[in-house]
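run.cif (mmCIF, C-alpha atoms and all ligand atoms)
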data_structure
loop_
_atom_site.label_atom_id
_atom_site.label_comp_id
_atom_site.auth_asym_id
_atom_site.auth_seq_id
_atom_site.Cartn_x
_atom_site.Cartn_y
_atom_site.Cartn_z
CA MET A 1 -29.95 9.81 31.79
CA GLU A 2 -28.07 10.85 28.72
CA PRO A 3 -24.38 11.45 29.14
CA THR A 4 -23.30 14.99 28.48
CA VAL A 5 -21.67 15.31 25.11
CA THR A 6 -18.06 16.29 25.47
CA THR A 7 -17.98 18.89 22.78
CA ARG A 8 -14.22 18.56 22.54
CA THR A 9 -14.66 15.22 20.83
CA LEU A 10 -17.04 16.50 18.20
CA PRO A 11 -15.79 16.61 14.60
CA TRP A 12 -17.32 20.04 14.25
CA LYS A 13 -19.33 22.30 16.46
CA PRO A 14 -21.07 25.57 15.76
CA PRO A 15 -19.43 28.72 17.07
CA PRO A 16 -20.60 29.29 20.65
CA ALA A 17 -23.99 30.96 20.63
CA VAL A 18 -27.04 31.07 22.83
CA ASP A 19 -29.52 31.05 19.99
CA VAL A 20 -29.94 29.88 16.42
CA GLU A 21 -27.21 31.46 14.38
CA ALA A 22 -27.17 32.04 10.63
CA LEU A 23 -23.98 30.42 9.35
CA PRO A 24 -22.81 30.59 5.75
CA VAL A 25 -23.01 27.39 3.72
CA GLY A 26 -19.87 26.42 1.81
CA ARG A 27 -17.50 27.11 4.67
CA TRP A 28 -17.65 24.02 6.88
CA TRP A 29 -20.34 22.14 4.97
CA ASP A 30 -22.99 22.38 2.31
CA ALA A 31 -26.54 21.50 3.26
CA VAL A 32 -29.42 19.58 1.74
CA ARG A 33 -32.85 20.84 2.71
CA ALA A 34 -35.86 18.52 2.54
CA ALA A 35 -39.54 19.22 3.08
CA PRO A 36 -40.93 17.36 6.12
CA ILE A 37 -42.85 14.72 4.17
CA VAL A 38 -39.85 13.47 2.18
CA GLY A 39 -37.30 14.31 4.86
CA GLU A 40 -38.95 12.14 7.50
CA ARG A 41 -39.14 9.15 5.18
CA ALA A 42 -35.53 9.57 4.08
CA LEU A 43 -34.35 9.89 7.66
CA LYS A 44 -36.01 6.59 8.52
CA ALA A 45 -34.50 4.92 5.46
CA LEU A 46 -31.01 6.15 6.28
CA GLY A 47 -31.12 4.75 9.80
CA ASP A 48 -27.62 4.61 11.25
CA GLU A 49 -26.16 5.96 8.03
CA THR A 50 -27.44 9.46 8.63
CA GLY A 51 -25.15 12.19 9.82
CA ALA A 52 -26.27 15.06 12.02
CA VAL A 53 -29.60 16.62 11.02
CA ILE A 54 -31.10 20.00 11.86
CA GLN A 55 -34.87 20.35 12.05
CA ASP A 56 -36.39 23.81 11.91
CA MET A 57 -39.64 24.99 13.47
CA TYR A 58 -41.57 24.01 10.34
CA GLY A 59 -40.32 20.42 10.40
CA THR A 60 -37.98 20.98 7.47
CA LEU A 61 -34.86 18.80 7.73
CA TYR A 62 -31.29 19.78 6.85
CA TRP A 63 -28.45 17.34 6.29
CA LEU A 64 -24.86 18.54 6.25
CA VAL A 65 -22.63 17.25 3.45
CA ALA A 66 -19.02 17.91 2.50
CA VAL A 67 -18.47 21.23 0.72
CA GLY A 68 -18.63 20.74 -3.04
CA SER A 69 -19.64 17.08 -2.80
CA ILE A 70 -22.89 17.72 -4.68
CA GLU A 71 -22.53 19.42 -8.04
CA ARG A 72 -26.10 20.47 -8.69
CA ASN A 73 -29.62 20.22 -7.38
CA TRP A 74 -31.00 16.71 -7.54
CA GLN A 75 -34.34 17.63 -9.12
CA LEU A 76 -36.22 15.97 -6.32
CA ARG A 77 -39.42 17.59 -5.20
CA GLY A 78 -39.13 19.54 -2.00
CA VAL A 79 -35.37 19.04 -1.89
CA ARG A 80 -32.81 21.81 -2.30
CA LEU A 81 -29.06 21.95 -2.22
CA LEU A 82 -27.80 24.88 -0.18
CA THR A 83 -24.35 25.74 -1.43
CA GLU A 84 -22.27 28.81 -1.91
CA LEU A 85 -22.88 30.53 -5.22
CA ALA A 86 -20.46 32.80 -6.98
CA ASP A 87 -22.67 35.84 -6.69
CA GLU A 88 -24.39 35.38 -3.38
CA SER A 89 -24.12 33.78 0.03
CA THR A 90 -26.61 31.39 1.53
CA TYR A 91 -27.08 31.00 5.25
CA LEU A 92 -28.45 28.19 7.34
CA GLY A 93 -29.91 28.69 10.80
CA VAL A 94 -27.82 26.48 13.10
CA PRO A 95 -28.98 25.83 16.67
CA PRO A 96 -26.54 25.45 19.58
CA VAL A 97 -25.16 21.91 20.00
CA SER A 98 -27.17 21.38 23.16
CA TRP A 99 -30.54 22.02 21.52
CA THR A 100 -31.75 18.53 20.73
CA THR A 101 -35.50 18.84 21.16
CA GLY A 102 -38.18 20.86 19.37
CA PRO A 103 -40.43 22.52 18.60
CA LYS A 104 -37.91 25.26 17.94
CA SER A 105 -35.05 24.70 15.53
CA HIS A 106 -32.88 21.92 16.96
CA TRP A 107 -30.53 19.04 16.21
CA ARG A 108 -32.97 16.30 15.29
CA VAL A 109 -29.98 13.98 15.01
CA PRO A 110 -27.37 15.50 17.32
CA LEU A 111 -23.76 15.98 16.40
CA GLY A 112 -21.66 13.19 17.82
CA PRO A 113 -18.05 12.03 17.78
CA ASN A 114 -18.89 9.88 14.75
CA ARG A 115 -21.90 11.75 13.51
CA TYR A 116 -21.57 14.86 11.39
CA LEU A 117 -21.59 14.81 7.58
CA THR A 118 -23.81 12.48 5.58
CA HIS A 119 -22.60 10.66 2.49
CA PRO A 120 -24.25 12.46 -0.44
CA TRP A 121 -24.94 9.33 -2.49
CA ARG A 122 -26.70 7.58 0.33
CA LEU A 123 -28.65 10.73 1.08
CA ARG A 124 -29.67 11.10 -2.53
CA GLU A 125 -30.78 7.48 -2.68
CA ALA A 126 -32.92 7.89 0.42
CA LEU A 127 -34.46 11.16 -0.74
CA ALA A 128 -35.14 9.86 -4.25
CA GLU A 129 -36.91 6.84 -2.79
CA ALA A 130 -38.92 9.13 -0.49
CA ASP A 131 -39.83 11.36 -3.43
CA ARG A 132 -41.19 8.39 -5.38
CA ALA A 133 -43.04 6.98 -2.41
CA GLU A 134 -44.65 10.24 -1.30
CA TYR A 135 -45.31 12.02 -4.57
CA GLY A 136 -45.51 9.27 -7.18
CA PRO A 137 -43.93 9.39 -10.62
CA MET A 138 -42.46 12.70 -11.71
CA PRO A 139 -44.60 14.18 -14.49
CA GLU A 140 -42.98 15.29 -17.71
CA GLY A 141 -41.80 18.86 -17.73
CA ARG A 142 -43.04 21.81 -15.78
CA GLN A 143 -46.55 22.26 -14.47
CA LEU A 144 -48.47 25.16 -13.07
CA CYS A 145 -49.07 25.24 -9.35
CA TYR A 146 -52.81 25.46 -8.61
CA ARG A 147 -52.19 28.06 -5.96
CA CYS A 148 -49.41 30.44 -6.93
CA GLN A 149 -50.04 29.80 -10.62
CA LEU A 150 -46.33 29.69 -11.30
CA PRO A 151 -44.62 26.98 -13.31
CA THR A 152 -42.72 24.57 -11.09
CA ASP A 153 -39.92 22.15 -11.99
CA GLU A 154 -40.96 19.97 -9.06
CA PRO A 155 -44.66 19.40 -9.70
CA ILE A 156 -46.46 17.33 -7.10
CA PRO A 157 -49.78 15.82 -8.15
CA VAL A 158 -52.26 16.73 -5.42
CA ASP A 159 -55.61 15.89 -6.93
CA VAL A 160 -57.56 14.90 -10.00
CA GLU A 161 -60.20 17.32 -11.11
CA ALA A 162 -63.28 15.55 -12.39
CA ARG A 163 -64.25 16.60 -15.87
CA THR A 164 -67.64 16.15 -17.46
CA ASN A 165 -66.15 14.03 -20.23
CA GLY A 166 -64.88 11.59 -17.64
CA VAL A 167 -61.23 12.34 -18.20
CA GLY A 168 -59.57 13.64 -15.07
CA GLN A 169 -57.24 16.58 -15.17
CA ILE A 170 -54.39 16.29 -12.73
CA ILE A 171 -53.91 19.23 -10.39
CA TYR A 172 -50.33 20.06 -9.48
CA ALA A 173 -48.73 22.06 -6.72
CA CYS A 174 -45.25 23.35 -6.10
CA PRO A 175 -43.47 21.87 -3.04
CA THR A 176 -44.37 24.92 -0.96
CA HIS A 177 -48.06 24.73 -1.68
CA ALA A 178 -48.61 20.98 -1.90
CA PRO A 179 -49.19 20.63 1.86
CA LEU A 180 -51.81 23.38 1.69
CA TYR A 181 -54.00 21.62 -0.83
CA PRO A 182 -57.40 20.97 0.71
CA THR A 183 -58.09 17.25 0.86
CA GLY A 184 -61.33 15.47 1.65
CA GLN A 185 -64.10 17.02 3.67
CA GLN A 186 -61.95 18.45 6.40
CA PRO A 187 -59.67 21.23 5.30
CA ARG A 188 -56.30 20.84 6.93
CA ILE A 189 -55.52 23.49 9.46
CA LEU A 190 -51.97 24.60 9.03
CA THR A 191 -50.69 27.03 11.54
CA SER A 192 -47.09 26.87 10.47
CA ALA A 193 -47.25 26.93 6.70
CA PRO A 194 -43.73 27.16 5.34
CA ALA A 195 -44.56 30.19 3.25
CA SER A 196 -41.31 32.05 3.53
CA GLU A 197 -38.77 29.29 4.20
CA PRO A 198 -36.64 31.43 6.49
CA GLU A 199 -33.93 28.83 7.10
CA GLY A 200 -32.82 28.76 3.51
CA ARG A 201 -32.86 32.46 3.00
CA ARG A 202 -30.29 34.17 0.90
ZN ZN A 301 -47.18 27.19 -5.57
#

Translate this file's structure into structure tokens.
Ligand SMILES: [Zn+2]
Amino acid sequence: MEPTVTTRTLPWKPPPAVDVEALPVGRWWDAVRAAPIVGERALKALGDETGAVIQDMYGTLYWLVAVGSIERNWQLRGVRLLTELADESTYLGVPPVSWTTGPKSHWRVPLGPNRYLTHPWRLREALAEADRAEYGPMPEGRQLCYRCQLPTDEPIPVDVEARTNGVGQIIYACPTHAPLYPTGQQPRILTSAPASEPEGRR
């Protein structure tokens, strides 16, 4: 039996709501969004040092950090800083405090009396390590995504195309399309492809 969280003791709690509510970033916190593959690894690496974490229905993880504590995007693949911009507002879907299990959006690491914001340096360290481990070295410069054919600043090598001259050409994908790349003989069946990234919408 888990004791009921006395919400009075929480350092912060979302406004009372019965469903996921879009709250503006930059007011109580900024957020760092990480694709599932790097987010999961970083979460493990952080261990007890993690603050509260939201997980959306696609498995994307969101850490809350102090407003203004991160000056710019970290240039890590699949990782985005969600912060207030001068010309537009960004919203994050925040589930009620009591939602602590999936598959819907929930608090993967629940808010607690001593669990709320995550230290940005530790978070960056964990995400950078996860980026290296999952995606390998960052290639120089931008690359075209095999699927959307757009240049991406966060190229993820997904395959090596065999060439007749024996020199392989590396195939890259953007963070959105990397999980969709067909690998091996069995195409991966993805029923919840994060095509539109609704949680980070602007
Ligand atoms: Zn793409």

At a cut-off of 8 Å, can you tabulate as a Markdown table every residue of chain A near ligand ZN 301 (chain A) together with its closest atom pair and the distance in Å to one decimal, using only C-alpha atoms and all ligand atoms and ordering rows by chain then number?
| residue | atom | partner | partner_atom | distance |
| --- | --- | --- | --- | --- |
| A:Leu144 | CA | A:ZN301 | ZN | 7.9 |
| A:Cys145 | CA | A:ZN301 | ZN | 4.7 |
| A:Tyr146 | CA | A:ZN301 | ZN | 6.6 |
| A:Arg147 | CA | A:ZN301 | ZN | 5.1 |
| A:Cys148 | CA | A:ZN301 | ZN | 4.2 |
| A:Gln149 | CA | A:ZN301 | ZN | 6.4 |
| A:Leu150 | CA | A:ZN301 | ZN | 6.3 |
| A:Thr152 | CA | A:ZN301 | ZN | 7.6 |
| A:Ala173 | CA | A:ZN301 | ZN | 5.5 |
| A:Cys174 | CA | A:ZN301 | ZN | 4.3 |
| A:Pro175 | CA | A:ZN301 | ZN | 7.0 |
| A:Thr176 | CA | A:ZN301 | ZN | 5.9 |
| A:His177 | CA | A:ZN301 | ZN | 4.7 |
| A:Ala178 | CA | A:ZN301 | ZN | 7.4 |

Per residue of region 7-83 of chain A within 9 Å of region 94-105 of chain A, note the shortest atom pair and the distance in Å to one decimal, counting only C-alpha atoms, and order the rows by chain and increasing residue number, as a Markdown table.
| residue | atom | partner | partner_atom | distance |
| --- | --- | --- | --- | --- |
| A:Thr7 | CA | A:Val97 | CA | 8.3 |
| A:Lys13 | CA | A:Val97 | CA | 6.8 |
| A:Pro14 | CA | A:Pro96 | CA | 6.7 |
| A:Pro15 | CA | A:Pro96 | CA | 8.2 |
| A:Pro16 | CA | A:Pro96 | CA | 7.2 |
| A:Ala17 | CA | A:Pro96 | CA | 6.2 |
| A:Val18 | CA | A:Pro96 | CA | 6.5 |
| A:Asp19 | CA | A:Pro95 | CA | 6.2 |
| A:Val20 | CA | A:Pro95 | CA | 4.2 |
| A:Glu21 | CA | A:Val94 | CA | 5.2 |
| A:Ala22 | CA | A:Val94 | CA | 6.1 |
| A:Leu23 | CA | A:Val94 | CA | 6.7 |
| A:Ile54 | CA | A:Ser105 | CA | 7.2 |
| A:Gln55 | CA | A:Ser105 | CA | 5.6 |
| A:Asp56 | CA | A:Ser105 | CA | 4.0 |
| A:Met57 | CA | A:Lys104 | CA | 4.8 |
| A:Tyr58 | CA | A:Ser105 | CA | 8.4 |
| A:Gly59 | CA | A:Pro103 | CA | 8.5 |

d(CA of Arg132 (chain A), CA of Gly47 (chain A)) in Å: 18.6 Å

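For the choices A:Ala35, A:Asp48, A:Thr83, A:Gln169, the atom-to-atom distance to Tyr62 (chain A) is smallest for A:Ala35 when using only C-alpha atoms.
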
Non-local contacts of Glu40 (chain A) (12 Å; all atoms listed in the file; under 6 positions in same chain excluded) as a list in words: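 Returned residues: Arg33, Ala34, Leu46, Gly47, Thr50, Val53, Ile54, Gln55, Gly59, Thr60, Leu61, Tyr62, Trp63, Arg108, Val109, Ala126, Leu127, Glu129, Ala130, Asp131, Ala133 and Glu134 of chain A.
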
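Of the listed residues A:Gly93, A:Val158, A:Pro113, A:Val32, the one whose atoms come nearest to Leu180 (chain A) is A:Val158, with distances taken using all atoms listed in the file.
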